[in-house]
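Enquirer: First, the structure itself, so that you have it in front of you.
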Amino acid sequence: MLRRIIPIKQEVPLRKHQRKIIMMVGPTGVGKTTTIAKLAARYAYKLGQNYKVGIVTLDSFRVGAIEQLQAYTNIMRLPLEVVKKPEELVEALLRLKDCNYIFIDTAGSSQYDVDKIEMINEYQEKVHELPIEKVLVLPANVKHSDLIDIYTNYSRLNINYLTFTKLDETKSFGNLISFAHKTKKSIIYFSIGQNVPDDLIVSDSTFLINCFMNNSCIGR
């Protein structure tokens, strides 16, 4: 019964000539930047396809945000574009036109700070002709009502999928199951720690159910 009610998005790697732009959005401190580093490493090196991967950051507000991404991209030898104004995003994406996957990191903000969430929309509007998947990154270690508040206010960005982080920092998983069932938004990844790129799991309803039944999901 639980498997039927948990919406899951299956990962389908691109063909060589295809291109996908993925924007990670969500509150401050949920692990968007680390999740992007894990995904970039996964697609660039772990799938056996050697996809070309590029990263764009819109987060020029948080101290150390750019440096953190630069450290990851230097190690992985991936291009990084720093965008400080909405009009600069078009040029950044053009410079990464040969990449199969482009991950866009956004500045985190309180789910109640509607103005900052709307700023992300300003960036989107500058590249409205390009399809961008919006993935809402949510922490597993908050209560159901907080998840609903985050989702409600970030929904103005037309969220496509969910990714849950911090599954290693909680022993309660019923809130994730009920939240995913209520919103009907498919889960695409789970993050179970800080290690890049290892602590990332492609969404699997059985994995989440096992976490729920065992009150723990450290490792597989």
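Identifiers in the structure tokens: chain A, B, ... in order shown; residue index from 1 per chain; ligand index from 1 in order shown.
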Name the residues in contact with Asn100 (chain A) at a cut-off of 10 Å, using only C-alpha atoms, excluding same-chain residues fewer than 2 positions from it; report them as a PyMOL selection string.

Expert: chain A and resi 13-21+43-44+50-54+96-98+102

Enquirer: Looking only at the backbone, which of the residues in region 11-155 of chain A does DSSP tag as alpha helix (DSSP H), as a PyMOL selection string?

Expert: chain A and resi 32-41+65-76+88-95+114-126+144-154

Enquirer: What lies within 8 Å of region 180-192 of chain A using only C-alpha atoms, ignoring chain neighbours under 4 positions off, as a PDB file with all heavy atoms, in the first residue's frame?

Expert:
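As a result, selection.pdb now contains:
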ATOM      1  N   ILE A   5       1.346   4.689  -2.763  1.00  0.00           N
ATOM      2  CA  ILE A   5       1.024   6.091  -2.462  1.00  0.00           C
ATOM      3  C   ILE A   5       2.240   7.012  -2.529  1.00  0.00           C
ATOM      4  O   ILE A   5       2.097   8.224  -2.442  1.00  0.00           O
ATOM      5  CB  ILE A   5       0.343   6.237  -1.085  1.00  0.00           C
ATOM      6  CG1 ILE A   5       1.328   5.946   0.055  1.00  0.00           C
ATOM      7  CG2 ILE A   5      -0.887   5.357  -0.987  1.00  0.00           C
ATOM      8  CD1 ILE A   5       0.771   6.252   1.424  1.00  0.00           C
ATOM      9  N   ILE A   6       3.453   6.440  -2.684  1.00  0.00           N
ATOM     10  CA  ILE A   6       4.652   7.287  -2.757  1.00  0.00           C
ATOM     11  C   ILE A   6       4.975   7.558  -4.231  1.00  0.00           C
ATOM     12  O   ILE A   6       5.353   6.651  -4.966  1.00  0.00           O
ATOM     13  CB  ILE A   6       5.863   6.607  -2.083  1.00  0.00           C
ATOM     14  CG1 ILE A   6       5.568   6.319  -0.604  1.00  0.00           C
ATOM     15  CG2 ILE A   6       7.097   7.498  -2.199  1.00  0.00           C
ATOM     16  CD1 ILE A   6       6.633   5.478   0.070  1.00  0.00           C
ATOM     17  N   PRO A   7       4.823   8.818  -4.678  1.00  0.00           N
ATOM     18  CA  PRO A   7       5.145   9.121  -6.076  1.00  0.00           C
ATOM     19  C   PRO A   7       6.658   9.190  -6.289  1.00  0.00           C
ATOM     20  O   PRO A   7       7.362   9.907  -5.582  1.00  0.00           O
ATOM     21  CB  PRO A   7       4.489  10.490  -6.311  1.00  0.00           C
ATOM     22  CG  PRO A   7       4.398  11.107  -4.952  1.00  0.00           C
ATOM     23  CD  PRO A   7       4.305   9.986  -3.949  1.00  0.00           C
ATOM     24  N   ILE A   8       7.145   8.427  -7.227  1.00  0.00           N
ATOM     25  CA  ILE A   8       8.580   8.330  -7.500  1.00  0.00           C
ATOM     26  C   ILE A   8       8.841   8.696  -8.958  1.00  0.00           C
ATOM     27  O   ILE A   8       8.132   8.265  -9.855  1.00  0.00           O
ATOM     28  CB  ILE A   8       9.097   6.900  -7.229  1.00  0.00           C
ATOM     29  CG1 ILE A   8       8.972   6.560  -5.739  1.00  0.00           C
ATOM     30  CG2 ILE A   8      10.539   6.738  -7.704  1.00  0.00           C
ATOM     31  CD1 ILE A   8       9.855   7.361  -4.816  1.00  0.00           C
ATOM     32  N   LYS A   9       9.869   9.488  -9.187  1.00  0.00           N
ATOM     33  CA  LYS A   9      10.324   9.812 -10.541  1.00  0.00           C
ATOM     34  C   LYS A   9      11.544   8.961 -10.858  1.00  0.00           C
ATOM     35  O   LYS A   9      12.573   9.062 -10.174  1.00  0.00           O
ATOM     36  CB  LYS A   9      10.670  11.304 -10.615  1.00  0.00           C
ATOM     37  CG  LYS A   9      11.514  11.714 -11.811  1.00  0.00           C
ATOM     38  CD  LYS A   9      10.782  11.608 -13.108  1.00  0.00           C
ATOM     39  CE  LYS A   9      11.627  12.184 -14.246  1.00  0.00           C
ATOM     40  NZ  LYS A   9      11.125  11.824 -15.563  1.00  0.00           N
ATOM     41  N   GLN A  10      11.439   8.130 -11.852  1.00  0.00           N
ATOM     42  CA  GLN A  10      12.566   7.294 -12.242  1.00  0.00           C
ATOM     43  C   GLN A  10      13.616   8.131 -12.962  1.00  0.00           C
ATOM     44  O   GLN A  10      13.298   8.972 -13.798  1.00  0.00           O
ATOM     45  CB  GLN A  10      12.097   6.160 -13.166  1.00  0.00           C
ATOM     46  CG  GLN A  10      11.086   5.222 -12.537  1.00  0.00           C
ATOM     47  CD  GLN A  10      11.644   4.473 -11.340  1.00  0.00           C
ATOM     48  OE1 GLN A  10      12.810   4.081 -11.334  1.00  0.00           O
ATOM     49  NE2 GLN A  10      10.817   4.281 -10.324  1.00  0.00           N
ATOM     50  N   GLU A  11      14.863   7.895 -12.630  1.00  0.00           N
ATOM     51  CA  GLU A  11      15.960   8.587 -13.310  1.00  0.00           C
ATOM     52  C   GLU A  11      16.156   7.988 -14.704  1.00  0.00           C
ATOM     53  O   GLU A  11      16.339   6.780 -14.836  1.00  0.00           O
ATOM     54  CB  GLU A  11      17.248   8.437 -12.499  1.00  0.00           C
ATOM     55  CG  GLU A  11      18.422   9.169 -13.111  1.00  0.00           C
ATOM     56  CD  GLU A  11      19.708   8.897 -12.348  1.00  0.00           C
ATOM     57  OE1 GLU A  11      20.156   7.722 -12.336  1.00  0.00           O
ATOM     58  OE2 GLU A  11      20.264   9.836 -11.768  1.00  0.00           O
ATOM     59  N   THR A  35      24.010  18.883  -2.798  1.00  0.00           N
ATOM     60  CA  THR A  35      23.247  17.972  -3.660  1.00  0.00           C
ATOM     61  C   THR A  35      23.627  18.163  -5.123  1.00  0.00           C
ATOM     62  O   THR A  35      23.776  17.195  -5.873  1.00  0.00           O
ATOM     63  CB  THR A  35      21.735  18.183  -3.459  1.00  0.00           C
ATOM     64  OG1 THR A  35      21.403  17.936  -2.089  1.00  0.00           O
ATOM     65  CG2 THR A  35      20.933  17.233  -4.343  1.00  0.00           C
ATOM     66  N   ASN A 160       8.621  20.951 -10.254  1.00  0.00           N
ATOM     67  CA  ASN A 160       8.408  19.696 -10.984  1.00  0.00           C
ATOM     68  C   ASN A 160       8.607  18.462 -10.101  1.00  0.00           C
ATOM     69  O   ASN A 160       7.793  17.535 -10.141  1.00  0.00           O
ATOM     70  CB  ASN A 160       9.365  19.611 -12.176  1.00  0.00           C
ATOM     71  CG  ASN A 160       9.154  20.731 -13.177  1.00  0.00           C
ATOM     72  OD1 ASN A 160       9.940  21.657 -13.238  1.00  0.00           O
ATOM     73  ND2 ASN A 160       8.082  20.666 -13.944  1.00  0.00           N
ATOM     74  N   TYR A 161       9.700  18.453  -9.318  1.00  0.00           N
ATOM     75  CA  TYR A 161      10.034  17.262  -8.533  1.00  0.00           C
ATOM     76  C   TYR A 161      10.545  17.654  -7.158  1.00  0.00           C
ATOM     77  O   TYR A 161      10.853  18.824  -6.896  1.00  0.00           O
ATOM     78  CB  TYR A 161      11.098  16.421  -9.256  1.00  0.00           C
ATOM     79  CG  TYR A 161      10.711  16.025 -10.649  1.00  0.00           C
ATOM     80  CD1 TYR A 161      11.371  16.561 -11.757  1.00  0.00           C
ATOM     81  CD2 TYR A 161       9.658  15.142 -10.874  1.00  0.00           C
ATOM     82  CE1 TYR A 161      11.002  16.211 -13.049  1.00  0.00           C
ATOM     83  CE2 TYR A 161       9.280  14.788 -12.158  1.00  0.00           C
ATOM     84  CZ  TYR A 161       9.948  15.326 -13.237  1.00  0.00           C
ATOM     85  OH  TYR A 161       9.568  14.979 -14.504  1.00  0.00           O
ATOM     86  N   LEU A 162      10.667  16.646  -6.298  1.00  0.00           N
ATOM     87  CA  LEU A 162      11.169  16.834  -4.944  1.00  0.00           C
ATOM     88  C   LEU A 162      12.461  16.050  -4.740  1.00  0.00           C
ATOM     89  O   LEU A 162      12.636  14.968  -5.308  1.00  0.00           O
ATOM     90  CB  LEU A 162      10.146  16.333  -3.909  1.00  0.00           C
ATOM     91  CG  LEU A 162       8.715  16.869  -3.989  1.00  0.00           C
ATOM     92  CD1 LEU A 162       7.852  16.164  -2.952  1.00  0.00           C
ATOM     93  CD2 LEU A 162       8.692  18.383  -3.789  1.00  0.00           C
ATOM     94  N   THR A 163      13.339  16.600  -3.928  1.00  0.00           N
ATOM     95  CA  THR A 163      14.497  15.868  -3.423  1.00  0.00           C
ATOM     96  C   THR A 163      14.545  16.082  -1.915  1.00  0.00           C
ATOM     97  O   THR A 163      14.400  17.213  -1.445  1.00  0.00           O
ATOM     98  CB  THR A 163      15.799  16.375  -4.070  1.00  0.00           C
ATOM     99  OG1 THR A 163      15.884  15.871  -5.406  1.00  0.00           O
ATOM    100  CG2 THR A 163      17.025  15.893  -3.316  1.00  0.00           C
ATOM    101  N   PHE A 164      14.726  15.000  -1.178  1.00  0.00           N
ATOM    102  CA  PHE A 164      14.809  15.097   0.277  1.00  0.00           C
ATOM    103  C   PHE A 164      16.253  14.925   0.732  1.00  0.00           C
ATOM    104  O   PHE A 164      16.948  14.011   0.274  1.00  0.00           O
ATOM    105  CB  PHE A 164      13.930  14.040   0.952  1.00  0.00           C
ATOM    106  CG  PHE A 164      12.463  14.360   0.901  1.00  0.00           C
ATOM    107  CD1 PHE A 164      11.615  13.665   0.052  1.00  0.00           C
ATOM    108  CD2 PHE A 164      11.930  15.359   1.702  1.00  0.00           C
ATOM    109  CE1 PHE A 164      10.260  13.959   0.005  1.00  0.00           C
ATOM    110  CE2 PHE A 164      10.581  15.664   1.661  1.00  0.00           C
ATOM    111  CZ  PHE A 164       9.735  14.960   0.809  1.00  0.00           C
ATOM    112  N   THR A 165      16.678  15.805   1.637  1.00  0.00           N
ATOM    113  CA  THR A 165      18.010  15.730   2.216  1.00  0.00           C
ATOM    114  C   THR A 165      17.904  15.442   3.712  1.00  0.00           C
ATOM    115  O   THR A 165      16.813  15.424   4.272  1.00  0.00           O
ATOM    116  CB  THR A 165      18.767  17.061   2.023  1.00  0.00           C
ATOM    117  OG1 THR A 165      18.029  18.107   2.679  1.00  0.00           O
ATOM    118  CG2 THR A 165      18.905  17.406   0.544  1.00  0.00           C
ATOM    119  N   LYS A 166      19.057  15.220   4.326  1.00  0.00           N
ATOM    120  CA  LYS A 166      19.155  15.032   5.783  1.00  0.00           C
ATOM    121  C   LYS A 166      18.385  13.809   6.282  1.00  0.00           C
ATOM    122  O   LYS A 166      17.907  13.783   7.423  1.00  0.00           O
ATOM    123  CB  LYS A 166      18.698  16.299   6.522  1.00  0.00           C
ATOM    124  CG  LYS A 166      19.476  17.555   6.144  1.00  0.00           C
ATOM    125  CD  LYS A 166      18.991  18.770   6.912  1.00  0.00           C
ATOM    126  CE  LYS A 166      19.668  20.042   6.446  1.00  0.00           C
ATOM    127  NZ  LYS A 166      21.095  20.116   6.805  1.00  0.00           N
ATOM    128  N   LEU A 167      18.273  12.775   5.444  1.00  0.00           N
ATOM    129  CA  LEU A 167      17.603  11.560   5.904  1.00  0.00           C
ATOM    130  C   LEU A 167      18.417  10.861   6.995  1.00  0.00           C
ATOM    131  O   LEU A 167      17.882  10.035   7.723  1.00  0.00           O
ATOM    132  CB  LEU A 167      17.356  10.593   4.741  1.00  0.00           C
ATOM    133  CG  LEU A 167      16.024  10.807   3.997  1.00  0.00           C
ATOM    134  CD1 LEU A 167      16.128  12.001   3.048  1.00  0.00           C
ATOM    135  CD2 LEU A 167      15.624   9.572   3.213  1.00  0.00           C
ATOM    136  N   ASP A 168      19.699  11.218   7.081  1.00  0.00           N
ATOM    137  CA  ASP A 168      20.534  10.643   8.142  1.00  0.00           C
ATOM    138  C   ASP A 168      20.403  11.402   9.457  1.00  0.00           C
ATOM    139  O   ASP A 168      20.992  11.007  10.469  1.00  0.00           O
ATOM    140  CB  ASP A 168      22.007  10.674   7.700  1.00  0.00           C
ATOM    141  CG  ASP A 168      22.469  12.076   7.322  1.00  0.00           C
ATOM    142  OD1 ASP A 168      21.703  12.783   6.635  1.00  0.00           O
ATOM    143  OD2 ASP A 168      23.575  12.472   7.712  1.00  0.00           O
ATOM    144  N   LEU A 176       7.493  12.358   5.462  1.00  0.00           N
ATOM    145  CA  LEU A 176       7.873  12.406   4.042  1.00  0.00           C
ATOM    146  C   LEU A 176       6.867  11.662   3.182  1.00  0.00           C
ATOM    147  O   LEU A 176       6.482  12.117   2.098  1.00  0.00           O
ATOM    148  CB  LEU A 176       9.269  11.803   3.837  1.00  0.00           C
ATOM    149  CG  LEU A 176      10.420  12.337   4.683  1.00  0.00           C
ATOM    150  CD1 LEU A 176      11.740  11.776   4.160  1.00  0.00           C
ATOM    151  CD2 LEU A 176      10.444  13.847   4.694  1.00  0.00           C
ATOM    152  N   ASP A 199      26.833   9.995  -0.911  1.00  0.00           N
ATOM    153  CA  ASP A 199      25.619   9.990  -0.089  1.00  0.00           C
ATOM    154  C   ASP A 199      24.399  10.501  -0.839  1.00  0.00           C
ATOM    155  O   ASP A 199      23.667  11.381  -0.371  1.00  0.00           O
ATOM    156  CB  ASP A 199      25.846  10.793   1.192  1.00  0.00           C
ATOM    157  CG  ASP A 199      26.809  10.109   2.140  1.00  0.00           C
ATOM    158  OD1 ASP A 199      27.029   8.895   1.987  1.00  0.00           O
ATOM    159  OD2 ASP A 199      27.350  10.783   3.035  1.00  0.00           O
ATOM    160  N   LEU A 200      24.188   9.946  -2.014  1.00  0.00           N
ATOM    161  CA  LEU A 200      23.023  10.295  -2.834  1.00  0.00           C
ATOM    162  C   LEU A 200      22.381   9.009  -3.321  1.00  0.00           C
ATOM    163  O   LEU A 200      23.071   8.104  -3.805  1.00  0.00           O
ATOM    164  CB  LEU A 200      23.448  11.146  -4.039  1.00  0.00           C
ATOM    165  CG  LEU A 200      22.305  11.620  -4.940  1.00  0.00           C
ATOM    166  CD1 LEU A 200      21.602  12.830  -4.317  1.00  0.00           C
ATOM    167  CD2 LEU A 200      22.817  11.983  -6.332  1.00  0.00           C
ATOM    168  N   ILE A 201      21.076   8.922  -3.188  1.00  0.00           N
ATOM    169  CA  ILE A 201      20.356   7.720  -3.607  1.00  0.00           C
ATOM    170  C   ILE A 201      19.257   8.108  -4.585  1.00  0.00           C
ATOM    171  O   ILE A 201      18.479   9.042  -4.327  1.00  0.00           O
ATOM    172  CB  ILE A 201      19.767   6.986  -2.387  1.00  0.00           C
ATOM    173  CG1 ILE A 201      20.907   6.383  -1.562  1.00  0.00           C
ATOM    174  CG2 ILE A 201      18.767   5.917  -2.797  1.00  0.00           C
ATOM    175  CD1 ILE A 201      20.463   5.662  -0.322  1.00  0.00           C
ATOM    176  N   VAL A 202      19.230   7.444  -5.719  1.00  0.00           N
ATOM    177  CA  VAL A 202      18.146   7.648  -6.679  1.00  0.00           C
ATOM    178  C   VAL A 202      16.855   7.170  -6.033  1.00  0.00           C
ATOM    179  O   VAL A 202      16.824   6.130  -5.368  1.00  0.00           O
ATOM    180  CB  VAL A 202      18.421   6.880  -7.985  1.00  0.00           C
ATOM    181  CG1 VAL A 202      17.268   7.044  -8.956  1.00  0.00           C
ATOM    182  CG2 VAL A 202      19.725   7.365  -8.610  1.00  0.00           C
ATOM    183  N   SER A 203      15.793   7.936  -6.184  1.00  0.00           N
ATOM    184  CA  SER A 203      14.553   7.663  -5.452  1.00  0.00           C
ATOM    185  C   SER A 203      14.049   6.243  -5.689  1.00  0.00           C
ATOM    186  O   SER A 203      14.125   5.708  -6.794  1.00  0.00           O
ATOM    187  CB  SER A 203      13.474   8.662  -5.852  1.00  0.00           C
ATOM    188  OG  SER A 203      13.193   8.555  -7.226  1.00  0.00           O
ATOM    189  N   CYS A 217      17.879   5.300   8.091  1.00  0.00           N
ATOM    190  CA  CYS A 217      18.213   4.995   6.688  1.00  0.00           C
ATOM    191  C   CYS A 217      19.637   5.419   6.404  1.00  0.00           C
ATOM    192  O   CYS A 217      19.918   5.994   5.351  1.00  0.00           O
ATOM    193  CB  CYS A 217      17.236   5.633   5.710  1.00  0.00           C
ATOM    194  SG  CYS A 217      17.301   7.406   5.718  1.00  0.00           S
ATOM    195  N   ILE A 218      20.537   5.159   7.324  1.00  0.00           N
ATOM    196  CA  ILE A 218      21.946   5.433   7.081  1.00  0.00           C
ATOM    197  C   ILE A 218      22.497   4.314   6.212  1.00  0.00           C
ATOM    198  O   ILE A 218      22.489   3.143   6.591  1.00  0.00           O
ATOM    199  CB  ILE A 218      22.730   5.513   8.396  1.00  0.00           C
ATOM    200  CG1 ILE A 218      22.193   6.677   9.233  1.00  0.00           C
ATOM    201  CG2 ILE A 218      24.217   5.705   8.120  1.00  0.00           C
ATOM    202  CD1 ILE A 218      22.790   6.786  10.604  1.00  0.00           C
ATOM    203  N   GLY A 219      22.923   4.656   5.009  1.00  0.00           N
ATOM    204  CA  GLY A 219      23.388   3.645   4.051  1.00  0.00           C
ATOM    205  C   GLY A 219      22.207   3.008   3.357  1.00  0.00           C
ATOM    206  O   GLY A 219      21.067   3.382   3.522  1.00  0.00           O
TER     207      GLY A 219
END

Enquirer: Applying 12 Å and only C-alpha atoms, which residues near Gly174 (chain A) remain after dropping the ones on its own chain fewer than 4 positions away? List them as a PyMOL selection string.

Expert: chain A and resi 2+6+140-144+167+170+178-181+208-216

Enquirer: Nearest to Gly193 (chain A) among A:Val30, A:Val82, A:Ile177, A:Val135, with distances taken over only C-alpha atoms: which residue is it?

Expert: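 Closest candidate: A:Val30.
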
Enquirer: Once DSSP has gone over the backbone, tell me which residues of region 30-120 of chain A are in strand (DSSP E or B), as a ChimeraX atom specification.

Expert: /A:53-57,80-82,101-105

Enquirer: Could you jot down the CA of Tyr72 (chain A) to CA of Phe103 (chain A) separation for me, Å, one decimal place?

Expert: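 Pair CA of Tyr72 (chain A) / CA of Phe103 (chain A) returns 13.1 Å.
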
Enquirer: Quick one: distance from CA of Lys46 (chain A) to CA of Pro79 (chain A) in Å, one decimal?

Expert: 17.7 Å
